[in-house]
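Trainee: Contents are PDB, C-alpha atoms; file name data17.pdb:
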ATOM      1  CA  MET A   1     -19.359 -17.987  16.318  1.00  0.00           C
ATOM      2  CA  GLN A   2     -17.726 -21.313  17.038  1.00  0.00           C
ATOM      3  CA  ASP A   3     -14.682 -22.905  15.449  1.00  0.00           C
ATOM      4  CA  ASN A   4     -15.960 -25.076  12.588  1.00  0.00           C
ATOM      5  CA  MET A   5     -12.791 -27.048  11.855  1.00  0.00           C
ATOM      6  CA  ALA A   6     -13.767 -30.090  13.977  1.00  0.00           C
ATOM      7  CA  ALA A   7     -17.061 -30.597  12.137  1.00  0.00           C
ATOM      8  CA  LEU A   8     -15.498 -30.810   8.672  1.00  0.00           C
ATOM      9  CA  ALA A   9     -14.749 -34.546   8.640  1.00  0.00           C
ATOM     10  CA  ASN A  10     -18.421 -35.505   8.292  1.00  0.00           C
ATOM     11  CA  ASN A  11     -19.479 -32.866   5.757  1.00  0.00           C
ATOM     12  CA  SER A  12     -18.704 -31.910   2.186  1.00  0.00           C
ATOM     13  CA  PRO A  13     -16.005 -29.237   1.871  1.00  0.00           C
ATOM     14  CA  PRO A  14     -17.268 -25.923   3.234  1.00  0.00           C
ATOM     15  CA  LEU A  15     -17.194 -22.618   1.426  1.00  0.00           C
ATOM     16  CA  LEU A  16     -15.324 -21.037   4.301  1.00  0.00           C
ATOM     17  CA  THR A  17     -13.703 -22.110   7.544  1.00  0.00           C
ATOM     18  CA  TRP A  18     -12.661 -20.300  10.646  1.00  0.00           C
ATOM     19  CA  ARG A  19     -10.549 -20.969  13.686  1.00  0.00           C
ATOM     20  CA  ARG A  20     -11.615 -19.074  16.777  1.00  0.00           C
ATOM     21  CA  GLY A  21      -8.612 -17.265  18.212  1.00  0.00           C
ATOM     22  CA  GLY A  22      -6.337 -18.808  15.579  1.00  0.00           C
ATOM     23  CA  GLY A  23      -4.378 -15.598  15.200  1.00  0.00           C
ATOM     24  CA  ALA A  24      -4.523 -14.396  18.813  1.00  0.00           C
ATOM     25  CA  ALA A  25      -0.780 -14.932  19.339  1.00  0.00           C
ATOM     26  CA  LEU A  26      -0.052 -12.480  16.518  1.00  0.00           C
ATOM     27  CA  LEU A  27      -2.366  -9.667  17.629  1.00  0.00           C
ATOM     28  CA  GLU A  28       0.252  -7.638  19.507  1.00  0.00           C
ATOM     29  CA  GLU A  29       2.573  -7.763  16.485  1.00  0.00           C
ATOM     30  CA  ILE A  30      -0.307  -6.909  14.130  1.00  0.00           C
ATOM     31  CA  ASP A  31      -1.356  -3.965  16.288  1.00  0.00           C
ATOM     32  CA  ALA A  32       2.212  -2.600  16.085  1.00  0.00           C
ATOM     33  CA  LEU A  33       2.371  -3.114  12.299  1.00  0.00           C
ATOM     34  CA  VAL A  34      -0.997  -1.391  11.863  1.00  0.00           C
ATOM     35  CA  ALA A  35      -0.067   1.530  14.132  1.00  0.00           C
ATOM     36  CA  ASN A  36       3.386   2.054  12.605  1.00  0.00           C
ATOM     37  CA  HIS A  37       2.560   1.418   8.984  1.00  0.00           C
ATOM     38  CA  CYS A  38      -1.010   2.546   8.469  1.00  0.00           C
ATOM     39  CA  ASP A  39      -0.605   5.899  10.171  1.00  0.00           C
ATOM     40  CA  ALA A  40       2.607   6.706   8.332  1.00  0.00           C
ATOM     41  CA  HIS A  41       1.866   5.490   4.799  1.00  0.00           C
ATOM     42  CA  ALA A  42      -0.644   6.390   2.152  1.00  0.00           C
ATOM     43  CA  CYS A  43      -3.470   3.977   1.564  1.00  0.00           C
ATOM     44  CA  ALA A  44      -5.346   2.946  -1.549  1.00  0.00           C
ATOM     45  CA  LEU A  45      -9.124   3.336  -1.808  1.00  0.00           C
ATOM     46  CA  ARG A  46     -10.536   0.280  -3.565  1.00  0.00           C
ATOM     47  CA  SER A  47     -13.679  -1.579  -4.516  1.00  0.00           C
ATOM     48  CA  PHE A  48     -14.311  -4.916  -6.207  1.00  0.00           C
ATOM     49  CA  GLY A  49     -17.159  -6.812  -7.800  1.00  0.00           C
ATOM     50  CA  ASP A  50     -20.471  -5.139  -8.510  1.00  0.00           C
ATOM     51  CA  SER A  51     -19.771  -2.043  -6.425  1.00  0.00           C
ATOM     52  CA  SER A  52     -18.732   1.316  -7.804  1.00  0.00           C
ATOM     53  CA  ASP A  53     -18.199   2.697  -4.290  1.00  0.00           C
ATOM     54  CA  LYS A  54     -14.741   2.892  -2.811  1.00  0.00           C
ATOM     55  CA  ALA A  55     -15.569   0.296  -0.189  1.00  0.00           C
ATOM     56  CA  HIS A  56     -12.350   0.044   1.793  1.00  0.00           C
ATOM     57  CA  ARG A  57      -8.864   1.371   2.422  1.00  0.00           C
ATOM     58  CA  ALA A  58      -5.821  -0.850   1.921  1.00  0.00           C
ATOM     59  CA  TRP A  59      -2.279  -0.591   3.234  1.00  0.00           C
ATOM     60  CA  TYR A  60       0.257  -2.985   1.722  1.00  0.00           C
ATOM     61  CA  LEU A  61       2.431  -4.765   4.293  1.00  0.00           C
ATOM     62  CA  GLN A  62       4.151  -7.404   2.207  1.00  0.00           C
ATOM     63  CA  ARG A  63       7.664  -5.915   2.262  1.00  0.00           C
ATOM     64  CA  GLU A  64       7.627  -5.179   6.008  1.00  0.00           C
ATOM     65  CA  ALA A  65       5.979  -8.495   6.889  1.00  0.00           C
ATOM     66  CA  VAL A  66       8.410 -10.621   4.881  1.00  0.00           C
ATOM     67  CA  ALA A  67      11.461  -8.744   6.190  1.00  0.00           C
ATOM     68  CA  SER A  68      10.403  -9.151   9.833  1.00  0.00           C
ATOM     69  CA  GLY A  69       9.385 -12.814   9.528  1.00  0.00           C
ATOM     70  CA  PHE A  70       5.778 -11.921  10.344  1.00  0.00           C
ATOM     71  CA  ALA A  71       4.564 -13.405   7.039  1.00  0.00           C
ATOM     72  CA  ASP A  72       5.874 -16.849   8.061  1.00  0.00           C
ATOM     73  CA  ARG A  73       4.215 -16.642  11.489  1.00  0.00           C
ATOM     74  CA  LEU A  74       0.946 -15.562   9.859  1.00  0.00           C
ATOM     75  CA  TRP A  75       1.259 -18.406   7.319  1.00  0.00           C
ATOM     76  CA  ALA A  76       1.296 -20.980  10.118  1.00  0.00           C
ATOM     77  CA  CYS A  77      -1.961 -19.554  11.545  1.00  0.00           C
ATOM     78  CA  CYS A  78      -3.622 -19.466   8.132  1.00  0.00           C
ATOM     79  CA  ALA A  79      -2.542 -22.987   7.147  1.00  0.00           C
ATOM     80  CA  ALA A  80      -4.345 -24.291  10.245  1.00  0.00           C
ATOM     81  CA  CYS A  81      -7.647 -23.154   8.643  1.00  0.00           C
ATOM     82  CA  ASP A  82      -7.037 -24.957   5.351  1.00  0.00           C
ATOM     83  CA  ALA A  83      -9.867 -27.508   5.123  1.00  0.00           C
ATOM     84  CA  TRP A  84      -9.153 -28.190   1.436  1.00  0.00           C
ATOM     85  CA  GLY A  85      -5.482 -29.221   1.590  1.00  0.00           C
ATOM     86  CA  VAL A  86      -4.354 -26.247  -0.504  1.00  0.00           C
ATOM     87  CA  THR A  87      -1.366 -25.554   1.738  1.00  0.00           C
ATOM     88  CA  ALA A  88      -0.300 -29.219   1.720  1.00  0.00           C
ATOM     89  CA  ARG A  89      -0.335 -29.725  -2.073  1.00  0.00           C
ATOM     90  CA  GLY A  90       2.898 -29.844  -3.972  1.00  0.00           C
ATOM     91  CA  GLY A  91       4.559 -32.744  -2.175  1.00  0.00           C
ATOM     92  CA  GLU A  92       8.345 -32.697  -2.175  1.00  0.00           C
ATOM     93  CA  ALA A  93       8.587 -29.526  -4.279  1.00  0.00           C
ATOM     94  CA  LEU A  94       6.551 -27.597  -1.695  1.00  0.00           C
ATOM     95  CA  ARG A  95       8.659 -28.974   1.160  1.00  0.00           C
ATOM     96  CA  ARG A  96      11.847 -27.817  -0.602  1.00  0.00           C
ATOM     97  CA  ARG A  97      10.483 -24.357  -1.427  1.00  0.00           C
ATOM     98  CA  GLY A  98       8.582 -23.820   1.810  1.00  0.00           C
ATOM     99  CA  ARG A  99       5.205 -22.152   1.742  1.00  0.00           C
ATOM    100  CA  PRO A 100       3.629 -21.024  -1.562  1.00  0.00           C
ATOM    101  CA  ALA A 101       4.420 -17.483  -2.652  1.00  0.00           C
ATOM    102  CA  LEU A 102       2.571 -14.714  -0.860  1.00  0.00           C
ATOM    103  CA  ARG A 103       0.436 -12.864  -3.422  1.00  0.00           C
ATOM    104  CA  CYS A 104      -0.277  -9.938  -1.116  1.00  0.00           C
ATOM    105  CA  LEU A 105      -0.486  -8.985   2.535  1.00  0.00           C
ATOM    106  CA  GLU A 106      -2.670  -6.037   3.389  1.00  0.00           C
ATOM    107  CA  VAL A 107      -4.411  -4.266   6.199  1.00  0.00           C
ATOM    108  CA  LEU A 108      -7.958  -3.500   5.106  1.00  0.00           C
ATOM    109  CA  ARG A 109     -10.200  -0.968   6.829  1.00  0.00           C
ATOM    110  CA  TYR A 110     -13.923  -0.815   6.131  1.00  0.00           C
ATOM    111  CA  ASP A 111     -15.661   2.277   7.534  1.00  0.00           C
ATOM    112  CA  ALA A 112     -19.383   2.750   8.168  1.00  0.00           C
ATOM    113  CA  GLY A 113     -20.938   4.450   5.158  1.00  0.00           C
ATOM    114  CA  GLY A 114     -17.945   3.534   2.997  1.00  0.00           C
ATOM    115  CA  GLY A 115     -20.002   1.513   0.547  1.00  0.00           C
ATOM    116  CA  ALA A 116     -20.456  -2.195   0.013  1.00  0.00           C
ATOM    117  CA  LEU A 117     -17.837  -4.533  -1.348  1.00  0.00           C
ATOM    118  CA  GLY A 118     -19.392  -6.504  -4.203  1.00  0.00           C
ATOM    119  CA  LEU A 119     -18.991 -10.211  -4.881  1.00  0.00           C
ATOM    120  CA  HIS A 120     -15.551 -10.917  -6.371  1.00  0.00           C
ATOM    121  CA  ASP A 121     -12.854 -13.571  -6.403  1.00  0.00           C
ATOM    122  CA  ASP A 122      -9.152 -13.252  -5.702  1.00  0.00           C
ATOM    123  CA  GLY A 123      -7.980 -14.429  -9.104  1.00  0.00           C
ATOM    124  CA  GLU A 124      -5.322 -17.118  -8.953  1.00  0.00           C
ATOM    125  CA  THR A 125      -4.991 -17.010  -5.178  1.00  0.00           C
ATOM    126  CA  LEU A 126      -5.151 -20.542  -3.758  1.00  0.00           C
ATOM    127  CA  LEU A 127      -6.220 -19.660  -0.236  1.00  0.00           C
ATOM    128  CA  THR A 128      -7.481 -16.324   1.066  1.00  0.00           C
ATOM    129  CA  THR A 129      -7.380 -15.713   4.799  1.00  0.00           C
ATOM    130  CA  SER A 130      -8.591 -12.856   6.938  1.00  0.00           C
ATOM    131  CA  LEU A 131      -7.462 -12.231  10.506  1.00  0.00           C
ATOM    132  CA  MET A 132      -9.770  -9.941  12.509  1.00  0.00           C
ATOM    133  CA  VAL A 133      -7.929  -7.067  14.184  1.00  0.00           C
ATOM    134  CA  SER A 134     -10.854  -4.924  15.387  1.00  0.00           C
ATOM    135  CA  PRO A 135     -11.981  -5.511  18.977  1.00  0.00           C
ATOM    136  CA  ALA A 136     -15.522  -6.467  19.940  1.00  0.00           C
ATOM    137  CA  GLY A 137     -17.901  -3.534  19.706  1.00  0.00           C
ATOM    138  CA  ALA A 138     -15.700  -1.513  17.334  1.00  0.00           C
ATOM    139  CA  PHE A 139     -18.104  -2.005  14.414  1.00  0.00           C
ATOM    140  CA  GLU A 140     -21.405  -3.498  13.300  1.00  0.00           C
ATOM    141  CA  GLY A 141     -22.055  -5.356  10.041  1.00  0.00           C
ATOM    142  CA  GLY A 142     -19.054  -6.382   7.960  1.00  0.00           C
ATOM    143  CA  ALA A 143     -19.589 -10.152   7.877  1.00  0.00           C
ATOM    144  CA  VAL A 144     -17.581 -12.204   5.391  1.00  0.00           C
ATOM    145  CA  GLU A 145     -19.923 -13.901   2.902  1.00  0.00           C
ATOM    146  CA  VAL A 146     -18.840 -16.601   0.443  1.00  0.00           C
ATOM    147  CA  ALA A 147     -21.094 -17.810  -2.404  1.00  0.00           C
ATOM    148  CA  ARG A 148     -20.512 -20.975  -4.413  1.00  0.00           C
ATOM    149  CA  TRP A 149     -23.644 -20.435  -6.531  1.00  0.00           C
ATOM    150  CA  PRO A 150     -26.518 -17.948  -6.464  1.00  0.00           C
ATOM    151  CA  GLY A 151     -28.658 -18.276  -3.388  1.00  0.00           C
ATOM    152  CA  ARG A 152     -26.100 -20.108  -1.225  1.00  0.00           C
ATOM    153  CA  LEU A 153     -24.022 -17.944   1.076  1.00  0.00           C
ATOM    154  CA  GLU A 154     -21.949 -19.000   4.035  1.00  0.00           C
ATOM    155  CA  ARG A 155     -21.289 -16.244   6.512  1.00  0.00           C
ATOM    156  CA  ALA A 156     -18.723 -15.608   9.246  1.00  0.00           C
ATOM    157  CA  ASP A 157     -18.742 -12.860  11.863  1.00  0.00           C
ATOM    158  CA  PRO A 158     -15.257 -13.274  13.324  1.00  0.00           C
ATOM    159  CA  ALA A 159     -14.127 -11.881  16.671  1.00  0.00           C
ATOM    160  CA  ARG A 160     -10.730 -10.268  17.312  1.00  0.00           C
ATOM    161  CA  GLY A 161      -8.012 -12.870  16.708  1.00  0.00           C
ATOM    162  CA  ASP A 162     -10.198 -15.196  14.624  1.00  0.00           C
ATOM    163  CA  VAL A 163      -8.860 -16.403  11.272  1.00  0.00           C
ATOM    164  CA  VAL A 164     -11.351 -16.982   8.417  1.00  0.00           C
ATOM    165  CA  ALA A 165     -10.286 -18.835   5.243  1.00  0.00           C
ATOM    166  CA  TRP A 166     -11.755 -19.633   1.829  1.00  0.00           C
ATOM    167  CA  ARG A 167     -10.426 -20.744  -1.535  1.00  0.00           C
ATOM    168  CA  GLY A 168      -9.391 -17.693  -3.531  1.00  0.00           C
ATOM    169  CA  TRP A 169     -11.518 -18.541  -6.560  1.00  0.00           C
ATOM    170  CA  GLU A 170     -14.761 -18.590  -4.536  1.00  0.00           C
ATOM    171  CA  LYS A 171     -16.902 -15.476  -4.981  1.00  0.00           C
ATOM    172  CA  HIS A 172     -16.993 -13.535  -1.728  1.00  0.00           C
ATOM    173  CA  ARG A 173     -17.675 -10.121  -0.265  1.00  0.00           C
ATOM    174  CA  VAL A 174     -17.739  -8.161   2.950  1.00  0.00           C
ATOM    175  CA  ALA A 175     -21.192  -6.970   3.979  1.00  0.00           C
ATOM    176  CA  PRO A 176     -21.522  -3.217   4.592  1.00  0.00           C
ATOM    177  CA  VAL A 177     -20.204  -1.903   7.883  1.00  0.00           C
ATOM    178  CA  THR A 178     -23.073   0.028   9.475  1.00  0.00           C
ATOM    179  CA  ARG A 179     -21.225   1.496  12.470  1.00  0.00           C
ATOM    180  CA  GLY A 180     -17.564   2.038  13.325  1.00  0.00           C
ATOM    181  CA  ALA A 181     -14.557   0.611  11.488  1.00  0.00           C
ATOM    182  CA  ARG A 182     -13.665  -3.018  10.705  1.00  0.00           C
ATOM    183  CA  VAL A 183      -9.914  -3.737  10.392  1.00  0.00           C
ATOM    184  CA  VAL A 184      -8.482  -7.045   9.145  1.00  0.00           C
ATOM    185  CA  VAL A 185      -5.194  -8.425   7.857  1.00  0.00           C
ATOM    186  CA  VAL A 186      -5.716 -10.294   4.572  1.00  0.00           C
TER     187      VAL A 186
END
Hey, can you dump this file as structure tokens for me?
Mentor:
Amino acid sequence: MQDNMAALANNSPPLLTWRRGGGAALLEEIDALVANHCDAHACALRSFGDSSDKAHRAWYLQREAVASGFADRLWACCAACDAWGVTARGGEALRRRGRPALRCLEVLRYDAGGGALGLHDDGETLLTTSLMVSPAGAFEGGAVEVARWPGRLERADPARGDVVAWRGWEKHRVAPVTRGARVVVV
């Protein structure tokens, strides 16, 4: 997969964007958060969209991430993938307040055989981003798919450290993981 940010100027707005290695500087900090938080805290089993399976596990990091300043460092990486100007809207009010409020910050783990995550949107979220934590070869499947209308899907298979972004109201899903475990920070 290549970075698609440079090609955006000549095309209509994409369904999703990605920046190869956009979150690489944060990986050591993410690995520590995942190891310290996800092993020590209970997780939620969840599914969305048209799936009745419990498709993934979620650990909520918002409190820890905000307290440590990690959320602000992650915001800078995610804003770099914003092809739609969502993070720049708000003019002077946004500059005074800083970044928009963080709706959630989670570690998500999708295991092989854990079921498929159906098409869903993220409600009133302006921009959804996903930073790949799993290393190459740790899993198969698990691509991010975004659909604007039936029959049109854009797909990303990010590598460790890649940041993928889409507008929160776009229908999206994660394809089934067929081997191993896929871990992301969303």
Trainee: Write out as a ChimeraX atom specification which residues come within 6 Å of Phe139 of chain A when counting all atoms listed in the file, dropping same-chain ones fewer than 5 positions away.
Mentor: /A:179-182
Trainee: I need the output of the PyMOL selection byres ((chain A and resi 27-30) around 10) for this file as a PDB file with C-alpha atoms, keeping the file's coordinate frame; which residues are they?
Mentor:
ATOM      1  CA  GLY A  21      -8.612 -17.265  18.212  1.00  0.00           C
ATOM      2  CA  GLY A  23      -4.378 -15.598  15.200  1.00  0.00           C
ATOM      3  CA  ALA A  24      -4.523 -14.396  18.813  1.00  0.00           C
ATOM      4  CA  ALA A  25      -0.780 -14.932  19.339  1.00  0.00           C
ATOM      5  CA  LEU A  26      -0.052 -12.480  16.518  1.00  0.00           C
ATOM      6  CA  ASP A  31      -1.356  -3.965  16.288  1.00  0.00           C
ATOM      7  CA  ALA A  32       2.212  -2.600  16.085  1.00  0.00           C
ATOM      8  CA  LEU A  33       2.371  -3.114  12.299  1.00  0.00           C
ATOM      9  CA  VAL A  34      -0.997  -1.391  11.863  1.00  0.00           C
ATOM     10  CA  ALA A  35      -0.067   1.530  14.132  1.00  0.00           C
ATOM     11  CA  ASN A  36       3.386   2.054  12.605  1.00  0.00           C
ATOM     12  CA  ALA A  65       5.979  -8.495   6.889  1.00  0.00           C
ATOM     13  CA  PHE A  70       5.778 -11.921  10.344  1.00  0.00           C
ATOM     14  CA  LEU A  74       0.946 -15.562   9.859  1.00  0.00           C
ATOM     15  CA  VAL A 107      -4.411  -4.266   6.199  1.00  0.00           C
ATOM     16  CA  LEU A 131      -7.462 -12.231  10.506  1.00  0.00           C
ATOM     17  CA  MET A 132      -9.770  -9.941  12.509  1.00  0.00           C
ATOM     18  CA  VAL A 133      -7.929  -7.067  14.184  1.00  0.00           C
ATOM     19  CA  SER A 134     -10.854  -4.924  15.387  1.00  0.00           C
ATOM     20  CA  ARG A 160     -10.730 -10.268  17.312  1.00  0.00           C
ATOM     21  CA  GLY A 161      -8.012 -12.870  16.708  1.00  0.00           C
ATOM     22  CA  VAL A 184      -8.482  -7.045   9.145  1.00  0.00           C
ATOM     23  CA  VAL A 185      -5.194  -8.425   7.857  1.00  0.00           C
TER      24      VAL A 185
END
Trainee: With distances taken over only C-alpha atoms, which residue among A:Ala147, A:Leu119, A:Leu127, A:Cys43 lies nearest Val174 of chain A?
Mentor: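 That would be A:Leu119, the residue with the smallest distance to Val174 of chain A.
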Trainee: For the structure provided, state which residues fall under the PyMOL selection byres ((chain A and resi 112) around 6), and present them as number ranges by chain.
Mentor: A: 111, 113-114, 177-180
Trainee: Create the file for the chosen residues now, containing C-alpha atoms and written as a PDB file, in the coordinates of the input.
Mentor:
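Listing of out.pdb after writing:
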ATOM      1  CA  ASP A 111     -15.661   2.277   7.534  1.00  0.00           C
ATOM      2  CA  GLY A 113     -20.938   4.450   5.158  1.00  0.00           C
ATOM      3  CA  GLY A 114     -17.945   3.534   2.997  1.00  0.00           C
ATOM      4  CA  VAL A 177     -20.204  -1.903   7.883  1.00  0.00           C
ATOM      5  CA  THR A 178     -23.073   0.028   9.475  1.00  0.00           C
ATOM      6  CA  ARG A 179     -21.225   1.496  12.470  1.00  0.00           C
ATOM      7  CA  GLY A 180     -17.564   2.038  13.325  1.00  0.00           C
TER       8      GLY A 180
END
Trainee: With the file shown as input, list the residues that the PyMOL selection byres ((chain A and resi 76) around 12) selects, as a PDB file with C-alpha atoms, keeping the file's coordinate frame.
Mentor:
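Listing of part-v5.pdb after writing:
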ATOM      1  CA  GLY A  22      -6.337 -18.808  15.579  1.00  0.00           C
ATOM      2  CA  GLY A  23      -4.378 -15.598  15.200  1.00  0.00           C
ATOM      3  CA  ALA A  25      -0.780 -14.932  19.339  1.00  0.00           C
ATOM      4  CA  LEU A  26      -0.052 -12.480  16.518  1.00  0.00           C
ATOM      5  CA  GLY A  69       9.385 -12.814   9.528  1.00  0.00           C
ATOM      6  CA  PHE A  70       5.778 -11.921  10.344  1.00  0.00           C
ATOM      7  CA  ALA A  71       4.564 -13.405   7.039  1.00  0.00           C
ATOM      8  CA  ASP A  72       5.874 -16.849   8.061  1.00  0.00           C
ATOM      9  CA  ARG A  73       4.215 -16.642  11.489  1.00  0.00           C
ATOM     10  CA  LEU A  74       0.946 -15.562   9.859  1.00  0.00           C
ATOM     11  CA  TRP A  75       1.259 -18.406   7.319  1.00  0.00           C
ATOM     12  CA  CYS A  77      -1.961 -19.554  11.545  1.00  0.00           C
ATOM     13  CA  CYS A  78      -3.622 -19.466   8.132  1.00  0.00           C
ATOM     14  CA  ALA A  79      -2.542 -22.987   7.147  1.00  0.00           C
ATOM     15  CA  ALA A  80      -4.345 -24.291  10.245  1.00  0.00           C
ATOM     16  CA  CYS A  81      -7.647 -23.154   8.643  1.00  0.00           C
ATOM     17  CA  ASP A  82      -7.037 -24.957   5.351  1.00  0.00           C
ATOM     18  CA  THR A  87      -1.366 -25.554   1.738  1.00  0.00           C
ATOM     19  CA  ALA A  88      -0.300 -29.219   1.720  1.00  0.00           C
ATOM     20  CA  GLY A  98       8.582 -23.820   1.810  1.00  0.00           C
ATOM     21  CA  ARG A  99       5.205 -22.152   1.742  1.00  0.00           C
ATOM     22  CA  PRO A 100       3.629 -21.024  -1.562  1.00  0.00           C
ATOM     23  CA  THR A 129      -7.380 -15.713   4.799  1.00  0.00           C
ATOM     24  CA  VAL A 163      -8.860 -16.403  11.272  1.00  0.00           C
TER      25      VAL A 163
END
Trainee: Quick one: distance from atom CA of His56 of chain A to atom CA of Thr128 of chain A in Å, one decimal?
Mentor: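 Going from atom CA of His56 of chain A over to atom CA of Thr128 of chain A, I get 17.1 Å.
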Trainee: Using Å and a single decimal, report how far atom CA of Val186 of chain A sits from atom CA of Val164 of chain A.
Mentor: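 Separation between atom CA of Val164 of chain A and atom CA of Val186 of chain A: 9.6 Å.
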Trainee: Tell me, in Å to one decimal, how far atom CA of Leu15 of chain A is from atom CA of Glu145 of chain A.
Mentor: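 Separation of atom CA of Leu15 of chain A and atom CA of Glu145 of chain A: 9.3 Å.
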Trainee: Using all atoms listed in the file, pick whichever of A:Leu102, A:Leu108, A:Val86, A:Leu117 has the shortest atom-to-atom distance to Trp59 of chain A.
Mentor: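 So, comparing all the options, the nearest one is A:Leu108.
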Trainee: From the list A:Gly123, A:Gly85, A:Pro176, A:Gly168, which residue is nearest Ala143 of chain A when using only C-alpha atoms?
Mentor: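 Checking each of A:Gly123, A:Gly85, A:Pro176, A:Gly168 against Ala143 of chain A, counting only C-alpha atoms, the winner is A:Pro176.
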Trainee: Take every atom of segment 142-159 of chain A listed in the file, fit an axis-aligned box around them, add 6 Å per side, and give the centre and edge lengths in Å to one decimal as AutoDock Vina command-line options.
Mentor:
--center_x -21.4 --center_y -13.7 --center_z 5.1 --size_x 26.5 --size_y 26.6 --size_z 35.2
Trainee: From the set A:Leu126, A:Glu154, A:Glu106, A:Val183, which residue has the shortest atom-to-atom contact distance to Ala138 of chain A, counting only C-alpha atoms?
Mentor: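 Using only C-alpha atoms, the shortest distance to Ala138 of chain A belongs to A:Val183.
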Trainee: Point out the residue among A:Val66, A:Ala44, A:Gly118, A:Arg152 with the least atom-to-atom distance to His172 of chain A, counting only C-alpha atoms.
Mentor: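 Between A:Val66, A:Ala44, A:Gly118, A:Arg152, the residue approaching His172 of chain A most closely is A:Gly118.
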